[in-house]
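The block underneath contains the structure these notes are about, expressed in structure tokens.
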Amino acid sequence: MGHLIAPGEGEDLLRTLAPQVLGALARRFGDFDICEDAVQEALLAAALQWPVDGLPANPRGWLTVVASRRRAEMWRSDSARRRREEASFAAAVPDVEPATDDSLTLLLLCCHPSLTPASQVALTLRAVGGLATAEIARALLVPETTVAQRISRAKQRIRASGARFQMPPDGERSARLTSVLQVLYLVFNEGSTASSGAHLHRVDLITEAIRITRQLHERLPDDGEVAGLLALMLLTDARRPARVAPDGALIPLADQDRALWDTAAIREGIDLITRALSSAPPGPFQLQAALAAVHDEAVRAEDTDWRQILGLYDLLRTIAPGAIVTLNRIVAVAMVHGATVALRELADSDDDPALAGNHRIDAVRAHLLEMAGDLDAARASYLVAARRTLSIPERRYLESRAARLGPPGPL
Amino acid sequence: MKYLILIYSNPESREIWNAFSRDQRAAGLRQYEALHESMVASGELIVSEALADSSLAKRVTSRDGQAIVTDGPYAEVKEYLAGFFLLECDSMERAVKQAARIPEAALGLVEVRPIMALDGWDI
């Protein structure tokens with residue numbers, strides 16, 4: 001029995017080992033849903049015992065033995081119909097070496113296309129991230145019972161879909177990997193909220209998303225989109241210390257104190273995206289990472305290379321069109337060609353059904369009108385956008401922009 | 001995204017309920033129970049409650065640090081909030097679909113409101 005555990009060390013170790021142990025068990029036994037419950041209980045036991053008894057000499061082996069014992073108990077209590085099979089694996093498995101593909105197989109299974117996005121997120125955080133249900137609930141701002149329900153339903157669905165703990169065939173793998181990246185980005189974005197007071201736990205989601213994406217990148221170093229997503233996360237998260245004022249207000253990119261940006265994360269993100277773009281065909285995450293890199297490279301807001309940003313949005317618009325891309329591109333048009341040209345393009349986009357009812361179209365219009373000097377119209381658009389947004393910090397920001405332009409002038 | 005589904009009651013809906021036989025009321029409650037269970041099972045339900053009769057409400061007005069309490073809602077109001085479901089759904093369309101399953105939707109007494117979130121957008 002080994003040394004005492006420093007605070008936080010045991011937790012990190014548990015989160016790293018959780019998917020390895022689950023992967024080994026699921027590969028050995030095949031019943032993913034029961035193995036997942038058993039591993040959760042083994043993690044809980046470790047969290048209670050290790051700080052008291054010290055770290056076991058072989059932590060992964062300890063977890064594997066406890067989890068497989070627990071799994072056997074679950075089967076035993078489950079029902080008599082399985083009694084026949086029981087004898088063959090009631091004995092604890094010795095430490096199983098994790099196979100290289102276990103954690104990737106696990107990730108692909110948790111992001112299975114038969115699951116809703118909310119279930120994919122919950123299951124990934126628990127099975128791959130090693131987070132307890134209560135921690136996931138705190139981070140997602142929903143009750144623990146809701147998360148527990150999503151996880152058990154997700155496991156039922158996986159079982160019902162006939163998916164097995166094995167690598168999908170080559171033809172399917174790329175589409176399945178895309179849905180993994182989307183889930184990880186969703187987790188990251190969930191965490192990228194105003195991080196104050198009651199919502200501090202949401203930062204855990206950013207840490208988890210980056211940690212899992214980093215592991216995925218280590219496993220698939222030549223995949224450009226995996227590298228792109230990791231770079232995008234690092235380059236976005238690098239600005240977090242400057243994004244929110246002490247009073248919780250959102251600070252737009254142009255007004256952020258860039259000295260607060262995390263330069264180490266920016267350097268790593270830029271290295272990653274530079275390497276990815278030089279070796280792989282560019283995908284949406286790589287282009288978004290490249291955009292974030294251009295912003296992060298500017299020492300002052302006025303040094304931003306808007307021409308390069310516009311070029312990247314032109315490219316992104318062709319390979320991954322969408323409402324946000326259209327609107328952000330129009331902002332870049334304004335910075336390169338002026339607000340009048342951009343307002344004309346915005347008027348053309350008004351008919352775009354993808355933008356209908358999106359409050360951001362009003363926010364962008366307000367911004368462009370302000371740039372063009374039409375302050376009354378800008379103020380009105382800021383207020384329309386503020387009424388339509390579903391984000392509290394955004395509403396505050398839009399209202400403050402409107403207020404800054406003063407009361408409406410005489411008509 | 002979180003959505004609040006509000007269920008109102010009005011004189012018409014109260015009359016329908018009062019005219020129900022015992023069996024009809026039991027069937028109505030079972031329908032609610034089944035709805036509740038299916039929303040739990042889908043992992044979407046966060047909380048749901050039925051509100052006590054509006055005659056038990058207290059209206060609170062604070063003036064100079066003193067609370068002035070009056071009984072019940074304003075007399076002229078005929079439509080009251082009777083209960084709610086707080087759900088987390090993938091979209092407004094999905095929330096509307098769930099709301100349509102509530103019996104009061106047949107009387108136009110159900111409303112869906114999106115909940116504000118804390119997420120921001122890089123501006």
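Letters for chains follow the order of the structure tokens (A, B, ...), residue numbers begin at 1 for each chain, and ligand numbers begin at 1 in the order shown.
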
Counting only C-alpha atoms, what are the residues of chain B within 12 Å of chain A, and for each of them which pair of atoms is the nearest and at what distance in Å, to one decimal? Sort the table by chain and rising number, as JSON lines.
{"residue": "B:Met1", "atom": "CA", "partner": "A:Leu390", "partner_atom": "CA", "distance": 9.3}
{"residue": "B:Lys2", "atom": "CA", "partner": "A:Val142", "partner_atom": "CA", "distance": 9.6}
{"residue": "B:Tyr3", "atom": "CA", "partner": "A:Leu390", "partner_atom": "CA", "distance": 10.9}
{"residue": "B:Glu37", "atom": "CA", "partner": "A:Gln149", "partner_atom": "CA", "distance": 11.3}
{"residue": "B:Ser38", "atom": "CA", "partner": "A:Gln149", "partner_atom": "CA", "distance": 11.2}
{"residue": "B:Met39", "atom": "CA", "partner": "A:Thr146", "partner_atom": "CA", "distance": 9.9}
{"residue": "B:Val40", "atom": "CA", "partner": "A:Gln149", "partner_atom": "CA", "distance": 7.2}
{"residue": "B:Ala41", "atom": "CA", "partner": "A:Gln149", "partner_atom": "CA", "distance": 6.4}
{"residue": "B:Ser42", "atom": "CA", "partner": "A:Arg150", "partner_atom": "CA", "distance": 7.0}
{"residue": "B:Gly43", "atom": "CA", "partner": "A:Arg150", "partner_atom": "CA", "distance": 4.7}
{"residue": "B:Glu44", "atom": "CA", "partner": "A:Thr146", "partner_atom": "CA", "distance": 6.9}
{"residue": "B:Leu45", "atom": "CA", "partner": "A:Thr146", "partner_atom": "CA", "distance": 6.7}
{"residue": "B:Ile46", "atom": "CA", "partner": "A:Thr146", "partner_atom": "CA", "distance": 6.3}
{"residue": "B:Val47", "atom": "CA", "partner": "A:Pro143", "partner_atom": "CA", "distance": 8.6}
{"residue": "B:Leu86", "atom": "CA", "partner": "A:Val142", "partner_atom": "CA", "distance": 10.4}
{"residue": "B:Leu87", "atom": "CA", "partner": "A:Val142", "partner_atom": "CA", "distance": 9.7}
{"residue": "B:Glu88", "atom": "CA", "partner": "A:Val142", "partner_atom": "CA", "distance": 8.4}
{"residue": "B:Cys89", "atom": "CA", "partner": "A:Ala118", "partner_atom": "CA", "distance": 8.4}
{"residue": "B:Asp90", "atom": "CA", "partner": "A:Ala118", "partner_atom": "CA", "distance": 7.6}
{"residue": "B:Ser91", "atom": "CA", "partner": "A:Pro117", "partner_atom": "CA", "distance": 11.2}
{"residue": "B:Arg113", "atom": "CA", "partner": "A:Leu390", "partner_atom": "CA", "distance": 10.6}
{"residue": "B:Pro114", "atom": "CA", "partner": "A:Leu390", "partner_atom": "CA", "distance": 7.4}
{"residue": "B:Ile115", "atom": "CA", "partner": "A:Leu390", "partner_atom": "CA", "distance": 6.9}
{"residue": "B:Met116", "atom": "CA", "partner": "A:Leu390", "partner_atom": "CA", "distance": 4.6}
{"residue": "B:Ala117", "atom": "CA", "partner": "A:Ser391", "partner_atom": "CA", "distance": 4.7}
{"residue": "B:Leu118", "atom": "CA", "partner": "A:Ser391", "partner_atom": "CA", "distance": 5.3}
{"residue": "B:Asp119", "atom": "CA", "partner": "A:Thr193", "partner_atom": "CA", "distance": 4.5}
{"residue": "B:Gly120", "atom": "CA", "partner": "A:Glu394", "partner_atom": "CA", "distance": 5.9}
{"residue": "B:Trp121", "atom": "CA", "partner": "A:Glu394", "partner_atom": "CA", "distance": 7.3}
{"residue": "B:Asp122", "atom": "CA", "partner": "A:Pro252", "partner_atom": "CA", "distance": 6.5}
{"residue": "B:Ile123", "atom": "CA", "partner": "A:Pro252", "partner_atom": "CA", "distance": 4.9}

Using N, CA, C and O atoms, can you write the selected residues to a file as a short mmCIF file (atom, residue, chain, number, x, y, z; two decimals), in the first residue's frame?
data_model
loop_
_atom_site.label_atom_id
_atom_site.label_comp_id
_atom_site.auth_asym_id
_atom_site.auth_seq_id
_atom_site.Cartn_x
_atom_site.Cartn_y
_atom_site.Cartn_z
N MET B 1 -31.95 23.33 -23.75
CA MET B 1 -32.81 24.48 -23.51
C MET B 1 -33.94 24.11 -22.54
O MET B 1 -34.55 23.08 -22.67
N LYS B 2 -34.19 25.03 -21.62
CA LYS B 2 -35.28 24.78 -20.68
C LYS B 2 -36.53 25.54 -21.11
O LYS B 2 -36.43 26.67 -21.61
N TYR B 3 -37.66 24.89 -20.91
CA TYR B 3 -38.95 25.50 -21.25
C TYR B 3 -39.91 25.31 -20.09
O TYR B 3 -39.95 24.25 -19.47
N GLU B 37 -45.08 10.60 -15.98
CA GLU B 37 -44.14 9.48 -16.03
C GLU B 37 -43.36 9.47 -17.34
O GLU B 37 -42.16 9.18 -17.35
N SER B 38 -44.04 9.77 -18.43
CA SER B 38 -43.34 9.70 -19.71
C SER B 38 -42.31 10.84 -19.81
O SER B 38 -41.26 10.69 -20.42
N MET B 39 -42.61 11.98 -19.18
CA MET B 39 -41.63 13.07 -19.20
C MET B 39 -40.43 12.77 -18.30
O MET B 39 -39.31 13.19 -18.57
N VAL B 40 -40.66 12.03 -17.23
CA VAL B 40 -39.55 11.57 -16.38
C VAL B 40 -38.70 10.58 -17.18
O VAL B 40 -37.48 10.68 -17.24
N ALA B 41 -39.40 9.64 -17.82
CA ALA B 41 -38.69 8.57 -18.53
C ALA B 41 -37.85 9.12 -19.67
O ALA B 41 -36.79 8.60 -19.97
N SER B 42 -38.31 10.20 -20.30
CA SER B 42 -37.54 10.74 -21.43
C SER B 42 -36.36 11.58 -20.94
O SER B 42 -35.57 12.05 -21.74
N GLY B 43 -36.24 11.76 -19.61
CA GLY B 43 -35.12 12.54 -19.08
C GLY B 43 -35.30 14.04 -19.29
O GLY B 43 -34.35 14.80 -19.18
N GLU B 44 -36.51 14.46 -19.59
CA GLU B 44 -36.75 15.88 -19.89
C GLU B 44 -37.31 16.66 -18.70
O GLU B 44 -37.15 17.87 -18.61
N LEU B 45 -38.00 15.94 -17.80
CA LEU B 45 -38.68 16.66 -16.71
C LEU B 45 -37.70 17.13 -15.65
O LEU B 45 -36.89 16.36 -15.16
N ILE B 46 -37.80 18.41 -15.30
CA ILE B 46 -36.99 18.94 -14.20
C ILE B 46 -37.85 19.04 -12.96
O ILE B 46 -37.49 18.56 -11.90
N VAL B 47 -39.01 19.66 -13.07
CA VAL B 47 -39.94 19.69 -11.95
C VAL B 47 -41.33 19.97 -12.50
O VAL B 47 -41.48 20.60 -13.55
N LEU B 86 -41.59 22.13 -15.78
CA LEU B 86 -40.33 22.69 -16.25
C LEU B 86 -39.57 21.56 -16.94
O LEU B 86 -39.26 20.54 -16.32
N LEU B 87 -39.34 21.71 -18.23
CA LEU B 87 -38.69 20.65 -19.02
C LEU B 87 -37.37 21.13 -19.59
O LEU B 87 -37.18 22.33 -19.80
N GLU B 88 -36.49 20.18 -19.87
CA GLU B 88 -35.34 20.51 -20.72
C GLU B 88 -35.50 19.72 -22.01
O GLU B 88 -35.51 18.49 -21.98
N CYS B 89 -35.68 20.43 -23.10
CA CYS B 89 -35.93 19.79 -24.40
C CYS B 89 -34.89 20.26 -25.41
O CYS B 89 -34.25 21.28 -25.22
N ASP B 90 -34.79 19.49 -26.50
CA ASP B 90 -33.83 19.86 -27.53
C ASP B 90 -34.27 21.08 -28.33
O ASP B 90 -33.45 21.75 -28.95
N SER B 91 -35.56 21.36 -28.38
CA SER B 91 -36.03 22.48 -29.20
C SER B 91 -37.40 22.95 -28.73
O SER B 91 -38.10 22.24 -28.02
N ARG B 113 -43.10 28.79 -22.46
CA ARG B 113 -42.19 29.94 -22.42
C ARG B 113 -40.76 29.45 -22.33
O ARG B 113 -40.42 28.63 -21.48
N PRO B 114 -39.87 29.94 -23.23
CA PRO B 114 -38.45 29.56 -23.10
C PRO B 114 -37.85 30.20 -21.85
O PRO B 114 -38.24 31.29 -21.46
N ILE B 115 -36.89 29.50 -21.25
CA ILE B 115 -36.19 30.01 -20.05
C ILE B 115 -34.88 30.65 -20.49
O ILE B 115 -34.18 30.12 -21.34
N MET B 116 -34.54 31.76 -19.89
CA MET B 116 -33.28 32.42 -20.20
C MET B 116 -32.11 31.56 -19.70
O MET B 116 -32.20 30.94 -18.65
N ALA B 117 -31.03 31.57 -20.46
CA ALA B 117 -29.85 30.82 -20.05
C ALA B 117 -28.70 31.79 -19.80
O ALA B 117 -28.85 32.98 -19.99
N LEU B 118 -27.57 31.23 -19.36
CA LEU B 118 -26.43 32.09 -19.06
C LEU B 118 -25.37 32.05 -20.15
O LEU B 118 -24.31 32.64 -20.01
N ASP B 119 -25.65 31.30 -21.21
CA ASP B 119 -24.60 31.18 -22.22
C ASP B 119 -24.46 32.49 -22.98
O ASP B 119 -25.39 33.25 -23.14
N GLY B 120 -23.26 32.73 -23.40
CA GLY B 120 -22.99 33.96 -24.12
C GLY B 120 -22.49 33.66 -25.52
O GLY B 120 -22.34 32.51 -25.91
N TRP B 121 -22.22 34.68 -26.22
CA TRP B 121 -21.81 34.55 -27.61
C TRP B 121 -20.62 35.46 -27.71
O TRP B 121 -20.63 36.56 -27.15
N ASP B 122 -19.59 35.01 -28.40
CA ASP B 122 -18.42 35.88 -28.57
C ASP B 122 -18.76 36.99 -29.54
O ASP B 122 -19.04 36.74 -30.70
N ILE B 123 -18.78 38.19 -29.02
CA ILE B 123 -19.21 39.30 -29.86
C ILE B 123 -17.99 40.05 -30.41
O ILE B 123 -17.09 40.35 -29.68
#

| request: Could you pull out the residues in stretch 33-69 of chain B that DSSP calls helix (DSSP H, G or I) from the backbone, as a PyMOL selection string? | output: chain B and resi 33-41+54-56

Dump N, CA and C atoms for the selected residues as a CSV table (one decimal), in the first residue's frame?
chain,number,residue,atom,x,y,z
B,33,GLU,N,-50.9,11.5,-14.7
B,33,GLU,CA,-49.8,10.7,-14.1
B,33,GLU,C,-49.0,10.1,-15.3
B,34,ALA,N,-49.7,9.6,-16.3
B,34,ALA,CA,-49.0,9.0,-17.4
B,34,ALA,C,-48.1,10.0,-18.1
B,35,LEU,N,-48.6,11.2,-18.3
B,35,LEU,CA,-47.9,12.3,-18.9
B,35,LEU,C,-46.6,12.5,-18.1
B,36,HIS,N,-46.8,12.7,-16.8
B,36,HIS,CA,-45.7,12.9,-15.9
B,36,HIS,C,-44.6,11.9,-16.0
B,37,GLU,N,-45.1,10.6,-16.0
B,37,GLU,CA,-44.1,9.5,-16.0
B,37,GLU,C,-43.4,9.5,-17.3
B,38,SER,N,-44.0,9.8,-18.4
B,38,SER,CA,-43.3,9.7,-19.7
B,38,SER,C,-42.3,10.8,-19.8
B,39,MET,N,-42.6,12.0,-19.2
B,39,MET,CA,-41.6,13.1,-19.2
B,39,MET,C,-40.4,12.8,-18.3
B,40,VAL,N,-40.7,12.0,-17.2
B,40,VAL,CA,-39.6,11.6,-16.4
B,40,VAL,C,-38.7,10.6,-17.2
B,41,ALA,N,-39.4,9.6,-17.8
B,41,ALA,CA,-38.7,8.6,-18.5
B,41,ALA,C,-37.8,9.1,-19.7
B,54,SER,N,-56.6,29.2,-6.2
B,54,SER,CA,-56.2,30.6,-6.2
B,54,SER,C,-56.8,31.4,-5.0
B,55,SER,N,-57.8,30.9,-4.4
B,55,SER,CA,-58.4,31.5,-3.2
B,55,SER,C,-57.4,31.5,-2.0
B,56,LEU,N,-56.4,30.6,-2.1
B,56,LEU,CA,-55.4,30.4,-1.1
B,56,LEU,C,-54.2,31.3,-1.3

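Note that atom CA of A:Gln156 and atom CA of A:Asp102 are 20.7 Å apart.
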
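Here the question is which of B:Leu81, B:Val112, B:Lys58, B:Gln31 gets nearest to B:Ala100 using only C-alpha atoms, and that residue is B:Val112.
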
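For the pair atom CA of A:Ile206 and atom CA of A:Glu268, the separation is 16.4 Å.
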
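With only C-alpha atoms as the basis for measurement, A:Leu272 is the residue among A:Ile136, A:Ala163, A:Leu272, A:Val128 that approaches A:Pro221 most closely.
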
| field | Backbone-only DSSP, strand (DSSP E or B) members of chain B, as a VMD selection string | value | chain B and resid 2 to 9 45 to 50 58 to 63 66 to 71 80 to 88 110 to 114 117 119

| task | Pick out the residues sitting within 12 Å of stretch 373-380 of chain A, and hand them over as a PyMOL selection string; count only C-alpha atoms, and ignore anything fewer than 5 positions along from it in its own chain. | result | chain A and resi 338-340+343+362-368+385-387+398-411

| message | So that I can check the surroundings of A:Asp348, please list as a PyMOL selection string every protein, DNA and RNA residue that reaches within 12 Å of it, counting only C-alpha atoms and ignoring chain neighbours fewer than 4 positions away. | response | chain A and resi 326-327+330+341-344+352-353+355+361

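Put simply, atom CA of B:Tyr8 is 19.9 Å away from atom CA of B:Ala26.
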
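Across A:Leu140, A:Ala42, A:Leu107, A:Leu315, the tightest approach to A:Thr213 is made by A:Leu107 when counting only C-alpha atoms.
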
| task | Tell me which protein, DNA and RNA residues are within 9 Å of A:Arg164, counting only C-alpha atoms, leaving out same-chain ones fewer than 4 positions away, and put them as an NGL selection string. | result | :A and (30-32 or 109 or 158-159 or 168)

Once you have the residues from the selection above, write them out as a compact mmCIF listing (two decimals), in the first residue's frame, restricted to all heavy atoms.
# COMPACT_ATOMS: atom_id res chain seq x y z
N GLY A 30 -19.16 -7.56 -22.42
CA GLY A 30 -20.15 -7.19 -23.43
C GLY A 30 -21.36 -6.44 -22.92
O GLY A 30 -21.99 -5.71 -23.66
N ASP A 31 -21.71 -6.62 -21.62
CA ASP A 31 -22.92 -5.95 -21.11
C ASP A 31 -22.57 -4.55 -20.62
O ASP A 31 -22.44 -4.31 -19.43
CB ASP A 31 -23.59 -6.78 -20.02
CG ASP A 31 -22.60 -7.19 -18.93
OD1 ASP A 31 -21.38 -7.04 -19.15
OD2 ASP A 31 -23.04 -7.63 -17.87
N PHE A 32 -22.48 -3.62 -21.57
CA PHE A 32 -22.01 -2.27 -21.28
C PHE A 32 -22.79 -1.61 -20.16
O PHE A 32 -22.22 -0.99 -19.26
CB PHE A 32 -22.09 -1.43 -22.56
CG PHE A 32 -21.93 0.04 -22.32
CD1 PHE A 32 -20.69 0.57 -22.01
CD2 PHE A 32 -23.02 0.90 -22.40
CE1 PHE A 32 -20.52 1.92 -21.79
CE2 PHE A 32 -22.87 2.26 -22.18
CZ PHE A 32 -21.61 2.77 -21.87
N LEU A 109 -19.38 4.73 -28.54
CA LEU A 109 -20.62 4.12 -28.05
C LEU A 109 -21.47 5.15 -27.29
O LEU A 109 -22.69 5.19 -27.45
CB LEU A 109 -20.27 2.93 -27.16
CG LEU A 109 -21.43 1.99 -26.81
CD1 LEU A 109 -21.96 1.31 -28.07
CD2 LEU A 109 -21.00 0.94 -25.79
N ILE A 158 -29.06 2.09 -26.14
CA ILE A 158 -27.89 1.45 -26.74
C ILE A 158 -28.13 -0.05 -26.82
O ILE A 158 -27.91 -0.68 -27.85
CB ILE A 158 -26.61 1.77 -25.95
CG1 ILE A 158 -26.22 3.23 -26.19
CG2 ILE A 158 -25.48 0.84 -26.32
CD1 ILE A 158 -25.01 3.69 -25.42
N ARG A 159 -28.66 -0.59 -25.71
CA ARG A 159 -28.92 -2.03 -25.70
C ARG A 159 -29.96 -2.38 -26.75
O ARG A 159 -29.80 -3.33 -27.52
CB ARG A 159 -29.40 -2.46 -24.31
CG ARG A 159 -29.32 -3.95 -24.08
CD ARG A 159 -29.59 -4.31 -22.65
NE ARG A 159 -30.65 -3.45 -22.10
CZ ARG A 159 -30.92 -3.34 -20.81
NH1 ARG A 159 -30.23 -3.99 -19.93
NH2 ARG A 159 -31.90 -2.56 -20.39
N PRO A 168 -16.79 0.50 -34.67
CA PRO A 168 -17.69 0.42 -35.83
C PRO A 168 -16.90 0.13 -37.11
O PRO A 168 -15.70 0.44 -37.16
CB PRO A 168 -18.33 1.81 -35.89
CG PRO A 168 -17.71 2.65 -34.86
CD PRO A 168 -16.76 1.83 -34.06

Can you tell me which residues surround B:Glu104 at a distance of at most 12 Å, considering only C-alpha atoms, apart from same-chain residues fewer than 3 positions away, and format the answer as a compact mmCIF listing (two decimals) with N, CA and C atoms, in the first residue's frame?
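Result written to selection_17.txt:
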# COMPACT_ATOMS: atom_id res chain seq x y z
N ILE B 5 -43.77 25.07 -19.17
CA ILE B 5 -45.12 24.88 -19.71
C ILE B 5 -46.10 25.30 -18.63
N LEU B 6 -46.89 26.31 -18.92
CA LEU B 6 -47.84 26.84 -17.95
C LEU B 6 -49.24 26.34 -18.29
N ILE B 7 -49.94 25.91 -17.26
CA ILE B 7 -51.31 25.43 -17.47
C ILE B 7 -52.25 26.34 -16.69
N TYR B 8 -53.19 26.94 -17.38
CA TYR B 8 -54.13 27.87 -16.73
C TYR B 8 -55.47 27.18 -16.51
N SER B 9 -56.24 27.74 -15.61
CA SER B 9 -57.62 27.29 -15.49
C SER B 9 -58.51 28.53 -15.64
N ASN B 10 -59.69 28.33 -16.23
CA ASN B 10 -60.64 29.44 -16.38
C ASN B 10 -62.04 28.92 -16.03
N GLU B 12 -64.57 28.13 -17.67
CA GLU B 12 -65.02 27.03 -18.52
C GLU B 12 -64.36 25.72 -18.10
N SER B 13 -63.04 25.76 -17.90
CA SER B 13 -62.35 24.51 -17.56
C SER B 13 -62.75 24.03 -16.17
N ARG B 14 -62.99 24.99 -15.27
CA ARG B 14 -63.41 24.59 -13.92
C ARG B 14 -64.79 23.93 -13.96
N ILE B 16 -66.10 22.30 -16.50
CA ILE B 16 -65.97 20.95 -17.08
C ILE B 16 -65.53 19.97 -16.00
N TRP B 17 -64.53 20.37 -15.24
CA TRP B 17 -64.00 19.50 -14.18
C TRP B 17 -65.08 19.20 -13.14
N GLY B 28 -58.96 11.40 -15.71
CA GLY B 28 -58.21 12.63 -15.95
C GLY B 28 -56.90 12.63 -15.18
N GLN B 31 -54.42 10.29 -16.65
CA GLN B 31 -53.81 10.85 -17.86
C GLN B 31 -52.63 11.75 -17.47
N TYR B 32 -52.82 12.54 -16.41
CA TYR B 32 -51.74 13.40 -15.93
C TYR B 32 -50.56 12.59 -15.41
N LEU B 81 -53.16 30.68 -13.00
CA LEU B 81 -52.16 29.65 -13.20
C LEU B 81 -52.55 28.46 -12.31
N ALA B 82 -52.61 27.26 -12.91
CA ALA B 82 -53.05 26.10 -12.14
C ALA B 82 -51.92 25.09 -11.92
N GLY B 83 -50.91 25.15 -12.76
CA GLY B 83 -49.80 24.21 -12.60
C GLY B 83 -48.76 24.44 -13.67
N PHE B 84 -47.64 23.73 -13.55
CA PHE B 84 -46.57 23.92 -14.54
C PHE B 84 -45.68 22.70 -14.65
N ALA B 99 -46.33 19.92 -24.74
CA ALA B 99 -47.41 20.75 -24.19
C ALA B 99 -48.76 20.34 -24.77
N ALA B 100 -48.75 19.93 -26.04
CA ALA B 100 -50.00 19.58 -26.71
C ALA B 100 -50.65 18.35 -26.09
N ARG B 101 -49.86 17.58 -25.31
CA ARG B 101 -50.41 16.36 -24.70
C ARG B 101 -51.17 16.66 -23.41
N LEU B 107 -58.43 23.26 -24.56
CA LEU B 107 -59.20 24.48 -24.27
C LEU B 107 -58.37 25.75 -24.49
N GLY B 108 -57.18 25.59 -25.03
CA GLY B 108 -56.32 26.76 -25.27
C GLY B 108 -55.75 27.35 -24.00
N LEU B 109 -55.53 26.51 -22.97
CA LEU B 109 -55.09 27.03 -21.68
C LEU B 109 -53.64 26.68 -21.35
N VAL B 110 -52.88 26.32 -22.38
CA VAL B 110 -51.50 25.90 -22.14
C VAL B 110 -50.55 26.83 -22.89
N GLU B 111 -49.48 27.23 -22.20
CA GLU B 111 -48.53 28.18 -22.79
C GLU B 111 -47.10 27.65 -22.60
